[in-house]
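Enquirer: File structure-v6.tsv follows (TSV, C-alpha atoms):
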chain	number	residue	atom	x	y	z
A	291	MET	CA	-63.45	-5.62	76.45
A	292	GLY	CA	-60.18	-6.66	78.07
A	293	LYS	CA	-57.95	-4.75	75.64
A	294	SER	CA	-56.58	-2.42	78.31
A	295	LEU	CA	-55.48	-5.45	80.37
A	296	PHE	CA	-53.84	-6.98	77.28
A	297	ASP	CA	-51.96	-3.74	76.61
A	298	ALA	CA	-50.89	-3.12	80.23
A	299	PHE	CA	-49.80	-6.52	81.56
A	300	ALA	CA	-47.71	-9.32	80.05
A	301	PRO	CA	-49.44	-11.93	82.28
A	302	SER	CA	-52.81	-10.84	80.88
A	303	ARG	CA	-51.50	-11.20	77.33
A	304	GLU	CA	-50.41	-14.73	78.18
A	305	VAL	CA	-53.95	-15.62	79.26
A	306	PHE	CA	-55.49	-14.43	76.01
A	307	GLU	CA	-52.79	-16.31	74.06
A	308	GLU	CA	-53.42	-19.52	76.07
A	309	ILE	CA	-57.14	-19.33	75.31
A	310	ASP	CA	-56.57	-18.63	71.62
A	311	GLU	CA	-54.31	-21.68	71.42
A	312	ALA	CA	-56.73	-23.87	73.38
A	313	LEU	CA	-59.63	-23.00	71.06
A	314	GLY	CA	-57.57	-22.97	67.87
A	315	GLU	CA	-58.77	-19.50	66.90
A	316	ARG	CA	-58.21	-15.82	67.66
A	317	LEU	CA	-60.98	-15.36	70.20
A	318	SER	CA	-58.95	-12.46	71.61
A	319	ARG	CA	-59.42	-10.51	68.37
A	320	LEU	CA	-63.18	-11.05	68.57
A	321	ILE	CA	-63.15	-9.93	72.22
A	322	PHE	CA	-61.24	-6.74	71.42
A	323	GLU	CA	-62.71	-5.83	68.04
A	324	GLY	CA	-66.05	-7.63	67.60
A	325	PRO	CA	-68.30	-7.75	65.66
A	326	ALA	CA	-70.75	-7.69	68.55
A	327	ASP	CA	-73.26	-10.05	66.96
A	328	GLU	CA	-70.58	-12.73	66.70
A	329	LEU	CA	-69.19	-12.09	70.17
A	330	THR	CA	-72.66	-12.40	71.72
A	331	LEU	CA	-73.17	-15.92	70.38
A	332	THR	CA	-73.20	-17.94	73.58
A	333	ALA	CA	-70.43	-20.28	72.36
A	334	ASN	CA	-68.18	-17.18	72.14
A	335	THR	CA	-69.56	-15.13	75.03
A	336	GLN	CA	-68.89	-17.81	77.63
A	337	PRO	CA	-65.14	-18.29	77.03
A	338	ALA	CA	-64.76	-14.57	76.28
A	339	LEU	CA	-66.06	-13.46	79.68
A	340	MET	CA	-63.87	-16.07	81.35
A	341	ALA	CA	-60.87	-14.79	79.39
A	342	VAL	CA	-61.27	-11.25	80.67
A	343	SER	CA	-61.78	-12.40	84.27
A	344	LEU	CA	-58.70	-14.62	84.19
A	345	ALA	CA	-56.60	-11.97	82.45
A	346	ALA	CA	-57.30	-9.67	85.38
A	347	THR	CA	-56.75	-12.45	87.91
A	348	ARG	CA	-53.39	-13.41	86.37
A	349	ALA	CA	-52.28	-9.77	86.49
A	350	LEU	CA	-53.25	-9.56	90.16
A	351	GLU	CA	-51.16	-12.66	90.84
A	352	ARG	CA	-48.05	-11.90	88.78
A	353	GLU	CA	-47.91	-8.11	88.91
A	354	PHE	CA	-49.20	-7.46	92.42
A	355	GLY	CA	-48.73	-10.73	94.32
A	356	ILE	CA	-52.45	-11.07	95.11
A	357	LEU	CA	-53.26	-14.78	95.06
A	358	ALA	CA	-56.64	-16.54	95.20
A	359	ALA	CA	-55.54	-18.07	98.50
A	360	LYS	CA	-56.01	-14.62	100.06
A	361	ALA	CA	-59.77	-14.94	99.41
A	362	ALA	CA	-62.08	-16.63	101.89
A	363	PHE	CA	-64.20	-17.94	99.02
A	364	VAL	CA	-64.56	-17.70	95.24
A	365	ALA	CA	-67.88	-17.62	93.42
A	366	GLY	CA	-69.25	-16.91	89.96
A	367	HIS	CA	-72.67	-16.44	88.41
A	368	SER	CA	-73.55	-19.22	85.95
A	369	LEU	CA	-70.63	-19.45	83.48
A	370	GLY	CA	-68.69	-17.33	85.98
A	371	GLU	CA	-68.41	-20.37	88.20
A	372	TYR	CA	-65.87	-21.74	85.71
A	373	SER	CA	-63.91	-18.48	85.97
A	374	ALA	CA	-64.00	-18.76	89.76
A	375	LEU	CA	-62.76	-22.35	89.62
A	376	ALA	CA	-59.94	-21.41	87.25
A	377	ALA	CA	-58.99	-18.48	89.49
A	378	ALA	CA	-58.80	-20.88	92.43
A	379	GLY	CA	-56.60	-23.29	90.46
A	380	ALA	CA	-59.19	-26.07	90.14
A	381	LEU	CA	-59.34	-25.80	86.34
A	382	SER	CA	-56.52	-24.90	83.99
A	383	ILE	CA	-57.27	-21.89	81.81
A	384	PRO	CA	-57.16	-23.94	78.57
A	385	ASP	CA	-59.53	-26.54	80.07
A	386	ALA	CA	-61.89	-23.80	81.27
A	387	ALA	CA	-61.92	-22.25	77.78
A	388	ARG	CA	-62.65	-25.57	76.08
A	389	LEU	CA	-65.33	-26.46	78.63
A	390	LEU	CA	-67.08	-23.12	78.21
A	391	ARG	CA	-66.96	-23.38	74.43
A	392	ARG	CA	-68.56	-26.84	74.71
A	393	ARG	CA	-71.05	-25.54	77.28
A	394	GLY	CA	-72.13	-22.70	75.00
A	395	GLU	CA	-72.51	-24.98	71.99
A	396	ALA	CA	-74.43	-27.61	73.98
A	397	MET	CA	-76.78	-25.09	75.58
A	398	GLN	CA	-77.53	-23.51	72.21
A	399	ALA	CA	-78.18	-26.88	70.60
A	400	ALA	CA	-80.42	-28.18	73.41
A	401	VAL	CA	-83.52	-26.25	72.32
A	402	PRO	CA	-84.34	-24.98	68.79
A	403	VAL	CA	-84.20	-21.20	68.50
A	404	GLY	CA	-87.60	-19.68	69.19
A	405	GLU	CA	-88.96	-22.57	71.27
A	406	GLY	CA	-87.54	-21.34	74.56
A	407	ALA	CA	-87.59	-18.01	76.38
A	408	MET	CA	-86.46	-16.22	79.53
A	409	ALA	CA	-87.89	-13.23	81.35
A	410	ALA	CA	-86.82	-11.04	84.25
A	411	LEU	CA	-89.26	-10.22	87.03
A	412	ILE	CA	-88.34	-6.79	88.32
A	413	GLY	CA	-89.30	-4.62	91.26
A	414	LYS	CA	-91.38	-5.77	94.19
A	415	VAL	CA	-90.81	-9.48	93.65
A	416	ASP	CA	-89.07	-12.13	95.71
A	417	VAL	CA	-88.29	-15.73	94.84
A	418	ALA	CA	-91.50	-17.04	96.44
A	419	THR	CA	-93.60	-14.75	94.25
A	420	ALA	CA	-91.52	-15.73	91.21
A	421	GLU	CA	-92.10	-19.42	91.97
A	422	GLU	CA	-95.85	-18.78	92.17
A	423	ILE	CA	-95.78	-16.96	88.83
A	424	ALA	CA	-93.83	-19.85	87.28
A	425	ARG	CA	-96.36	-22.35	88.66
A	426	GLU	CA	-99.18	-20.45	87.01
A	427	GLY	CA	-97.29	-20.36	83.73
A	428	SER	CA	-96.56	-24.07	83.89
A	429	SER	CA	-100.13	-24.81	82.80
A	430	ALA	CA	-98.83	-24.02	79.30
A	431	GLY	CA	-95.57	-25.98	79.54
A	432	VAL	CA	-92.22	-25.98	81.32
A	433	VAL	CA	-91.21	-22.80	83.14
A	434	VAL	CA	-89.08	-22.46	86.29
A	435	VAL	CA	-87.15	-19.91	88.30
A	436	ALA	CA	-83.70	-19.89	86.68
A	437	ASN	CA	-81.78	-17.09	88.42
A	438	ASP	CA	-82.49	-15.82	91.92
A	439	ASN	CA	-80.23	-12.79	91.62
A	440	ASN	CA	-81.59	-10.57	94.39
A	441	VAL	CA	-84.92	-9.39	95.72
A	442	GLY	CA	-86.37	-7.41	92.85
A	443	ASN	CA	-84.49	-9.34	90.16
A	444	VAL	CA	-85.56	-12.94	89.54
A	445	VAL	CA	-85.37	-14.64	86.13
A	446	ILE	CA	-87.71	-17.35	84.83
A	447	SER	CA	-86.93	-19.73	81.97
A	448	GLY	CA	-88.65	-22.40	79.92
A	449	GLU	CA	-90.84	-23.08	76.90
A	450	LYS	CA	-91.94	-19.89	75.16
A	451	ALA	CA	-95.68	-20.53	75.60
A	452	ALA	CA	-95.18	-21.20	79.30
A	453	VAL	CA	-93.01	-18.11	79.81
A	454	ASP	CA	-95.63	-16.04	77.99
A	455	ALA	CA	-98.29	-17.45	80.32
A	456	ALA	CA	-96.10	-16.61	83.30
A	457	LEU	CA	-95.69	-13.06	82.02
A	458	ALA	CA	-99.47	-12.73	81.92
A	459	ALA	CA	-99.63	-14.05	85.50
A	460	ALA	CA	-96.98	-11.53	86.55
A	461	LYS	CA	-98.94	-8.67	85.00
A	462	ALA	CA	-102.06	-9.77	86.84
A	463	LYS	CA	-100.11	-9.62	90.10
A	464	GLY	CA	-98.71	-6.18	89.33
A	465	VAL	CA	-95.17	-7.51	88.87
A	466	ARG	CA	-93.09	-5.85	86.18
A	467	ALA	CA	-91.72	-8.43	83.72
A	468	ILE	CA	-89.27	-8.04	80.84
A	469	ALA	CA	-88.73	-10.67	78.15
A	470	LEU	CA	-84.98	-11.23	77.74
A	471	ASN	CA	-83.20	-11.30	74.40
A	472	VAL	CA	-81.56	-14.71	74.83
A	473	SER	CA	-80.96	-17.57	72.45
A	474	ALA	CA	-82.07	-20.44	74.72
A	475	PRO	CA	-83.93	-21.16	78.00
A	476	PHE	CA	-80.87	-21.45	80.24
A	477	HIS	CA	-80.99	-23.06	83.71
A	478	SER	CA	-84.22	-24.94	83.02
A	479	PRO	CA	-85.06	-28.65	82.59
A	480	LEU	CA	-85.02	-28.05	78.84
A	481	MET	CA	-81.22	-27.90	79.10
A	482	GLN	CA	-80.96	-31.61	79.99
A	483	PRO	CA	-79.23	-32.52	76.68
A	484	ALA	CA	-76.60	-29.88	77.48
A	485	ALA	CA	-76.18	-31.29	80.99
A	486	GLU	CA	-75.47	-34.70	79.50
A	487	ALA	CA	-72.92	-33.22	77.11
A	488	MET	CA	-71.20	-31.40	79.96
A	489	ALA	CA	-71.12	-34.52	82.12
A	490	ASP	CA	-69.13	-36.17	79.35
A	491	ALA	CA	-66.83	-33.16	78.88
A	492	LEU	CA	-66.19	-32.68	82.60
A	493	ALA	CA	-65.36	-36.36	83.06
A	494	LYS	CA	-62.31	-35.82	80.83
A	495	VAL	CA	-60.69	-32.91	82.70
A	496	GLU	CA	-58.75	-32.73	85.94
A	497	ILE	CA	-60.20	-30.73	88.81
A	498	ALA	CA	-57.30	-29.87	91.09
A	499	PRO	CA	-57.40	-28.84	94.77
A	500	LEU	CA	-58.74	-25.31	95.24
A	501	ALA	CA	-56.83	-22.40	96.74
A	502	ALA	CA	-60.17	-21.25	98.24
A	503	PRO	CA	-63.58	-22.99	98.42
A	504	VAL	CA	-66.11	-22.21	95.70
A	505	VAL	CA	-69.63	-21.24	96.76
A	506	ALA	CA	-71.61	-23.30	94.29
A	507	ASN	CA	-74.54	-21.87	92.31
A	508	VAL	CA	-76.86	-24.80	92.89
A	509	THR	CA	-76.28	-25.24	96.64
A	510	ALA	CA	-75.33	-21.71	97.75
A	511	ARG	CA	-72.73	-23.34	100.03
A	512	PRO	CA	-68.95	-23.75	99.85
A	513	VAL	CA	-67.43	-26.87	98.35
A	514	SER	CA	-63.85	-27.98	97.79
A	515	GLU	CA	-64.08	-31.66	96.88
A	516	PRO	CA	-63.32	-32.18	93.15
A	517	ALA	CA	-65.87	-34.97	92.57
A	518	THR	CA	-68.63	-32.86	94.13
A	519	ILE	CA	-67.63	-29.84	92.07
A	520	ARG	CA	-67.80	-31.93	88.90
A	521	LYS	CA	-71.33	-33.09	89.75
A	522	LEU	CA	-72.53	-29.60	90.70
A	523	LEU	CA	-71.26	-28.14	87.42
A	524	VAL	CA	-73.46	-30.64	85.61
A	525	ASP	CA	-76.42	-29.91	87.90
A	526	GLN	CA	-75.91	-26.20	87.28
A	527	ILE	CA	-76.90	-26.52	83.59
A	528	THR	CA	-80.52	-27.33	84.46
A	529	GLY	CA	-80.54	-25.95	88.00
A	530	ARG	CA	-81.25	-22.59	89.56
A	531	VAL	CA	-78.48	-20.03	90.02
A	532	ARG	CA	-78.94	-19.29	93.73
A	533	TRP	CA	-76.92	-16.09	93.69
A	534	ARG	CA	-78.93	-14.22	96.34
A	535	GLU	CA	-78.54	-17.07	98.79
A	536	SER	CA	-74.85	-17.47	97.92
A	537	VAL	CA	-74.09	-13.83	98.71
A	538	GLU	CA	-76.22	-13.87	101.84
A	539	TRP	CA	-74.40	-16.99	103.07
A	540	MET	CA	-70.97	-15.48	102.43
A	541	ALA	CA	-71.91	-12.24	104.17
A	542	MET	CA	-73.78	-13.71	107.15
A	543	GLU	CA	-72.25	-17.13	107.72
A	544	GLY	CA	-68.91	-16.83	105.93
A	545	GLY	CA	-67.97	-13.51	107.49
A	546	VAL	CA	-67.26	-11.82	104.15
A	547	ALA	CA	-67.33	-8.02	104.35
A	548	ARG	CA	-65.58	-7.26	101.06
A	549	PHE	CA	-66.63	-8.63	97.67
A	550	VAL	CA	-64.32	-8.13	94.70
A	551	GLU	CA	-65.73	-8.62	91.18
A	552	ILE	CA	-62.95	-9.40	88.70
A	553	GLY	CA	-63.56	-9.14	84.98
A	554	ALA	CA	-65.88	-7.23	82.68
A	555	GLY	CA	-68.54	-4.91	84.10
A	556	LYS	CA	-70.10	-4.26	87.49
A	557	GLN	CA	-73.37	-6.18	87.33
A	558	LEU	CA	-72.52	-8.65	90.09
A	559	SER	CA	-71.33	-5.85	92.37
A	560	GLY	CA	-74.78	-4.31	92.14
A	561	MET	CA	-76.43	-7.63	92.99
A	562	VAL	CA	-74.07	-8.13	95.93
A	563	LYS	CA	-74.86	-4.70	97.31
A	564	ARG	CA	-78.59	-5.43	97.17
A	565	ASN	CA	-78.11	-8.79	98.91
A	566	ALA	CA	-75.54	-7.62	101.48
A	567	PRO	CA	-76.08	-3.85	101.91
A	568	ASP	CA	-73.38	-3.49	104.57
A	569	ALA	CA	-70.67	-5.16	102.50
A	570	GLU	CA	-68.00	-3.31	100.54
A	571	THR	CA	-68.01	-4.05	96.80
A	572	LEU	CA	-65.26	-3.45	94.26
A	573	ALA	CA	-65.26	-4.10	90.52
A	574	LEU	CA	-61.84	-4.58	88.91
A	575	ASN	CA	-62.12	-3.99	85.15
A	576	GLU	CA	-59.20	-1.75	84.17
A	577	PRO	CA	-55.47	-1.69	85.01
A	578	ALA	CA	-56.00	1.29	87.30
A	579	ASP	CA	-58.62	-0.67	89.23
A	580	LEU	CA	-56.13	-3.47	89.87
A	581	GLU	CA	-53.41	-1.04	90.95
A	582	ALA	CA	-55.74	0.77	93.33
A	583	PHE	CA	-56.99	-2.49	94.83
A	584	ALA	CA	-53.46	-3.76	95.39
A	585	LYS	CA	-52.66	-0.67	97.44
A	586	THR	CA	-55.49	-1.48	99.86
A	587	LEU	CA	-54.03	-4.88	100.85
What is this file in structure tokens?
Expert:
Amino acid sequence: MGKSLFDAFAPSREVFEEIDEALGERLSRLIFEGPADELTLTANTQPALMAVSLAATRALEREFGILAAKAAFVAGHSLGEYSALAAAGALSIPDAARLLRRRGEAMQAAVPVGEGAMAALIGKVDVATAEEIAREGSSAGVVVVANDNNVGNVVISGEKAAVDAALAAAKAKGVRAIALNVSAPFHSPLMQPAAEAMADALAKVEIAPLAAPVVANVTARPVSEPATIRKLLVDQITGRVRWRESVEWMAMEGGVARFVEIGAGKQLSGMVKRNAPDAETLALNEPADLEAFAKTL
């Protein structure tokens, strides 16, 4: 992941080096070489995904002259919101790396392993149905809608017994449900200790003016004011990722016809296409992707 960017572009190498220095370790080696079980620890995954996104963004800026100011909006899914903010100049890359390392550690520590769970509701399910399923599961404990990704892909999160009860409710309604292999119940009230830790961490960093507004996960609306962004990043820890609504707002109200996913993979591009079928989507993962995109501008 990200190795081709490191090899192709000096600005990308600088990003990986900045993050290694900020964290005091060779995260770049783990990103490029693994082992996978260490990379997938949330304290590593979060800064690692940001690193790849910002390595691509820096190459777009320095090699091709494509700046964040050319975008109408920036947005990111969950931890990706930090990548979006760094791309827009609101967070320095070292600060974003340190914040995401702290975020991953705090989220993992908030709930003992095995006490929380998450599950994806797949197929003929919308957020209203998911909320009803979560309400039925809440008789056994805390469970909420955590990620409203798109119609047909809604994630619930909470105490394991409550998620299990919600899965039974989903089955009774004919909704396909898949338990997710995650280490904690992200984006649920159980993450409150992590929210408190992030409030403290965010209070110590500068949030600079943005080159483009960020469409926030918890409001699904654009925001540019640093104090509001700081608050929403804290709220995001326990709050719902309103990705479907964010994409719909950008496409319908914001006039966005082209969505560009920068970083590792194409998962968000698929979600965007399901939420805004008429929009163009591009995923920029490899050097050739960046070069081809630059030629279209």
Enquirer: Report, in Å to a single decimal, how far apart CA of Ala387 in chain A and CA of Arg534 in chain A are.
Expert: 26.4 Å
Enquirer: Any idea what's packed within 9 Å of Leu369 in chain A, counting all atoms listed in the file, ignoring anything in its chain fewer than 4 positions away? Could you give it as a PyMOL selection string?
Expert: chain A and resi 336-337+339-340+373+390+393
Enquirer: What does the structure give for the distance between CA of Ala506 in chain A and CA of Val472 in chain A, in Å to one decimal?
Expert: 23.5 Å
Enquirer: Which is closest to Thr586 in chain A among A:Ile468, A:Ala312, A:Ile356, A:Leu522, if we use only C-alpha atoms?
Expert: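 Smallest distance to Thr586 in chain A is found for A:Ile356.
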Enquirer: Excluding Glu449 in chain A and residues on its chain fewer than 2 positions from it, collect all residues at most 10 Å away from it, counting all atoms listed in the file, and give them as a list of chain:residue names.
Expert: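 That gives A:Val401, A:Gly404, A:Glu405, A:Gly406, A:Ala407, A:Met408, A:Gly427, A:Ser428, A:Ala430, A:Gly431, A:Val432, A:Val433, A:Val434, A:Ser447, A:Ala451, A:Ala452, A:Val453, A:Asp454, A:Ala455, A:Ala474, A:Pro475, A:Ser478, A:Pro479, A:Leu480.
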Enquirer: The selected residues should be written to file as an mmCIF file, keeping the file's coordinate frame (atoms: C-alpha atoms).
Expert:
data_model
loop_
_atom_site.group_PDB
_atom_site.id
_atom_site.type_symbol
_atom_site.label_atom_id
_atom_site.label_comp_id
_atom_site.auth_asym_id
_atom_site.auth_seq_id
_atom_site.Cartn_x
_atom_site.Cartn_y
_atom_site.Cartn_z
ATOM 1 C CA VAL A 401 -83.520 -26.250 72.320
ATOM 2 C CA GLY A 404 -87.600 -19.680 69.190
ATOM 3 C CA GLU A 405 -88.960 -22.570 71.270
ATOM 4 C CA GLY A 406 -87.540 -21.340 74.560
ATOM 5 C CA ALA A 407 -87.590 -18.010 76.380
ATOM 6 C CA MET A 408 -86.460 -16.220 79.530
ATOM 7 C CA GLY A 427 -97.290 -20.360 83.730
ATOM 8 C CA SER A 428 -96.560 -24.070 83.890
ATOM 9 C CA ALA A 430 -98.830 -24.020 79.300
ATOM 10 C CA GLY A 431 -95.570 -25.980 79.540
ATOM 11 C CA VAL A 432 -92.220 -25.980 81.320
ATOM 12 C CA VAL A 433 -91.210 -22.800 83.140
ATOM 13 C CA VAL A 434 -89.080 -22.460 86.290
ATOM 14 C CA SER A 447 -86.930 -19.730 81.970
ATOM 15 C CA ALA A 451 -95.680 -20.530 75.600
ATOM 16 C CA ALA A 452 -95.180 -21.200 79.300
ATOM 17 C CA VAL A 453 -93.010 -18.110 79.810
ATOM 18 C CA ASP A 454 -95.630 -16.040 77.990
ATOM 19 C CA ALA A 455 -98.290 -17.450 80.320
ATOM 20 C CA ALA A 474 -82.070 -20.440 74.720
ATOM 21 C CA PRO A 475 -83.930 -21.160 78.000
ATOM 22 C CA SER A 478 -84.220 -24.940 83.020
ATOM 23 C CA PRO A 479 -85.060 -28.650 82.590
ATOM 24 C CA LEU A 480 -85.020 -28.050 78.840
#
Enquirer: In Å, how far is it from CA of Val445 in chain A to CA of Ala409 in chain A?
Expert: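 Going from CA of Val445 in chain A over to CA of Ala409 in chain A covers 5.6 Å.
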Enquirer: Residues of range 319-402 of chain A that approach range 536-556 of chain A to 10 Å or less, counting all atoms listed in the file: could you list each one with the shortest pair of atoms and its distance in Å to one decimal, rows by chain and increasing residue number, as a Markdown table?
Expert:
| residue | atom | partner | partner_atom | distance |
| --- | --- | --- | --- | --- |
| A:Ala338 | CA | A:Ala554 | CA | 9.8 |
| A:Leu339 | CA | A:Ala554 | CA | 6.9 |
| A:Met340 | CA | A:Gly553 | CA | 7.8 |
| A:Ala341 | CA | A:Gly553 | CA | 8.4 |
| A:Val342 | CA | A:Gly553 | CA | 5.3 |
| A:Ser343 | CA | A:Gly553 | CA | 3.8 |
| A:Leu344 | CA | A:Gly553 | CA | 7.4 |
| A:Ala345 | CA | A:Gly553 | CA | 7.9 |
| A:Ala346 | CA | A:Gly553 | CA | 6.3 |
| A:Thr347 | CA | A:Ile552 | CA | 7.0 |
| A:Leu350 | CA | A:Ile552 | CA | 9.8 |
| A:Ala361 | CA | A:Val546 | CA | 9.4 |
| A:Ala362 | CA | A:Val546 | CA | 7.4 |
| A:Phe363 | CA | A:Met540 | CA | 8.0 |
| A:Val364 | CA | A:Val550 | CA | 9.6 |
| A:Ala365 | CA | A:Ser536 | CA | 8.3 |
| A:Gly366 | CA | A:Glu551 | CA | 9.1 |
| A:His367 | CA | A:Ser536 | CA | 9.8 |
| A:Gly370 | CA | A:Gly553 | CA | 9.7 |
| A:Ser373 | CA | A:Gly553 | CA | 9.4 |
| A:Ala374 | CA | A:Ile552 | CA | 9.5 |
| A:Ala377 | CA | A:Ile552 | CA | 9.9 |
Enquirer: Tell me, as a list in words, which residues lie within 10 Å of Phe322 in chain A, counting all atoms listed in the file; anything in the same chain fewer than 6 positions away does not count.
Expert: Met291, Gly292, Lys293, Ser294, Phe296, Leu329 and Ala338 of chain A
Enquirer: Write to file, as a compact mmCIF listing (two decimals), keeping the file's coordinate frame, the residues of the selection just made, with C-alpha atoms.
Expert:
# COMPACT_ATOMS: atom_id res chain seq x y z
CA MET A 291 -63.45 -5.62 76.45
CA GLY A 292 -60.18 -6.66 78.07
CA LYS A 293 -57.95 -4.75 75.64
CA SER A 294 -56.58 -2.42 78.31
CA PHE A 296 -53.84 -6.98 77.28
CA LEU A 329 -69.19 -12.09 70.17
CA ALA A 338 -64.76 -14.57 76.28
Enquirer: In terms of the shortest atom-to-atom distance over only C-alpha atoms, which of A:Leu375, A:Ala467, A:Val417, A:Ala333 is closest to Ala436 in chain A?
Expert: A:Val417
Enquirer: Counting all atoms listed in the file, which residue out of A:Val444, A:Ala376, A:Leu313, A:Ala349 sits closest to Phe299 in chain A?
Expert: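 Residue with the minimum atom-to-atom distance to Phe299 in chain A: A:Ala349.
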Enquirer: Counting all atoms listed in the file, note down every residue that has an atom within 10 Å of the point (-60.4, -25.4, 84.6) (file coordinates), as a PyMOL selection string.
Expert: chain A and resi 372-390+492+495-498
Enquirer: Restricting the calculation to all atoms listed in the file, which member of A:Asn471, A:Trp533, A:Ala501, A:Thr332 is positioned closest to Ala399 in chain A?
Expert: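 Smallest separation from Ala399 in chain A among the options: A:Thr332.
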Enquirer: Which is closer to Glu304 in chain A than all the others in A:Arg348, A:Gly324, A:Thr571, A:Gln557, using all atoms listed in the file?
Expert: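 Once distances to Glu304 in chain A are computed over all atoms listed in the file, the minimum belongs to A:Arg348.
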Enquirer: Grab range 546-566 of chain A from that structure and dump N, CA and C atoms to a file, as an mmCIF file, in the first residue's frame.
Expert:
data_model
loop_
_atom_site.group_PDB
_atom_site.id
_atom_site.type_symbol
_atom_site.label_atom_id
_atom_site.label_comp_id
_atom_site.auth_asym_id
_atom_site.auth_seq_id
_atom_site.Cartn_x
_atom_site.Cartn_y
_atom_site.Cartn_z
ATOM 1 N N VAL A 546 -21.904 19.121 -7.110
ATOM 2 C CA VAL A 546 -20.730 18.304 -7.434
ATOM 3 C C VAL A 546 -21.123 17.201 -8.413
ATOM 4 N N ALA A 547 -20.434 17.151 -9.540
ATOM 5 C CA ALA A 547 -20.697 16.119 -10.550
ATOM 6 C C ALA A 547 -19.540 15.140 -10.674
ATOM 7 N N ARG A 548 -18.417 15.464 -10.030
ATOM 8 C CA ARG A 548 -17.220 14.620 -10.131
ATOM 9 C C ARG A 548 -16.631 14.429 -8.736
ATOM 10 N N PHE A 549 -16.540 13.184 -8.295
ATOM 11 C CA PHE A 549 -15.986 12.847 -6.996
ATOM 12 C C PHE A 549 -14.666 12.116 -7.206
ATOM 13 N N VAL A 550 -13.624 12.576 -6.555
ATOM 14 C CA VAL A 550 -12.296 11.993 -6.714
ATOM 15 C C VAL A 550 -11.841 11.422 -5.379
ATOM 16 N N GLU A 551 -11.673 10.107 -5.318
ATOM 17 C CA GLU A 551 -11.201 9.425 -4.108
ATOM 18 C C GLU A 551 -9.687 9.300 -4.189
ATOM 19 N N ILE A 552 -9.003 9.834 -3.178
ATOM 20 C CA ILE A 552 -7.536 9.879 -3.203
ATOM 21 C C ILE A 552 -6.992 9.032 -2.068
ATOM 22 N N GLY A 553 -6.243 8.003 -2.405
ATOM 23 C CA GLY A 553 -5.651 7.165 -1.367
ATOM 24 C C GLY A 553 -5.667 5.701 -1.739
ATOM 25 N N ALA A 554 -5.952 4.853 -0.755
ATOM 26 C CA ALA A 554 -5.895 3.409 -0.957
ATOM 27 C C ALA A 554 -7.287 2.850 -1.222
ATOM 28 N N GLY A 555 -7.471 2.166 -2.339
ATOM 29 C CA GLY A 555 -8.715 1.471 -2.611
ATOM 30 C C GLY A 555 -9.756 2.303 -3.324
ATOM 31 N N LYS A 556 -10.931 1.676 -3.509
ATOM 32 C CA LYS A 556 -12.019 2.285 -4.269
ATOM 33 C C LYS A 556 -13.358 2.159 -3.557
ATOM 34 N N GLN A 557 -13.322 1.865 -2.260
ATOM 35 C CA GLN A 557 -14.564 1.591 -1.542
ATOM 36 C C GLN A 557 -15.493 2.801 -1.526
ATOM 37 N N LEU A 558 -14.934 3.989 -1.283
ATOM 38 C CA LEU A 558 -15.785 5.178 -1.223
ATOM 39 C C LEU A 558 -16.372 5.510 -2.593
ATOM 40 N N SER A 559 -15.616 5.252 -3.652
ATOM 41 C CA SER A 559 -16.136 5.510 -4.995
ATOM 42 C C SER A 559 -17.391 4.695 -5.256
ATOM 43 N N GLY A 560 -17.392 3.446 -4.787
ATOM 44 C CA GLY A 560 -18.582 2.614 -4.935
ATOM 45 C C GLY A 560 -19.756 3.166 -4.157
ATOM 46 N N MET A 561 -19.507 3.638 -2.931
ATOM 47 C CA MET A 561 -20.578 4.236 -2.137
ATOM 48 C C MET A 561 -21.111 5.491 -2.807
ATOM 49 N N VAL A 562 -20.199 6.320 -3.324
ATOM 50 C CA VAL A 562 -20.628 7.558 -3.995
ATOM 51 C C VAL A 562 -21.527 7.223 -5.173
ATOM 52 N N LYS A 563 -21.141 6.245 -5.954
ATOM 53 C CA LYS A 563 -21.917 5.908 -7.152
ATOM 54 C C LYS A 563 -23.326 5.432 -6.785
ATOM 55 N N ARG A 564 -23.435 4.730 -5.648
ATOM 56 C CA ARG A 564 -24.758 4.276 -5.224
ATOM 57 C C ARG A 564 -25.603 5.421 -4.665
ATOM 58 N N ASN A 565 -24.945 6.444 -4.117
ATOM 59 C CA ASN A 565 -25.677 7.590 -3.563
ATOM 60 C C ASN A 565 -25.947 8.678 -4.595
ATOM 61 N N ALA A 566 -25.083 8.769 -5.593
ATOM 62 C CA ALA A 566 -25.229 9.792 -6.640
ATOM 63 C C ALA A 566 -24.956 9.122 -7.980
#
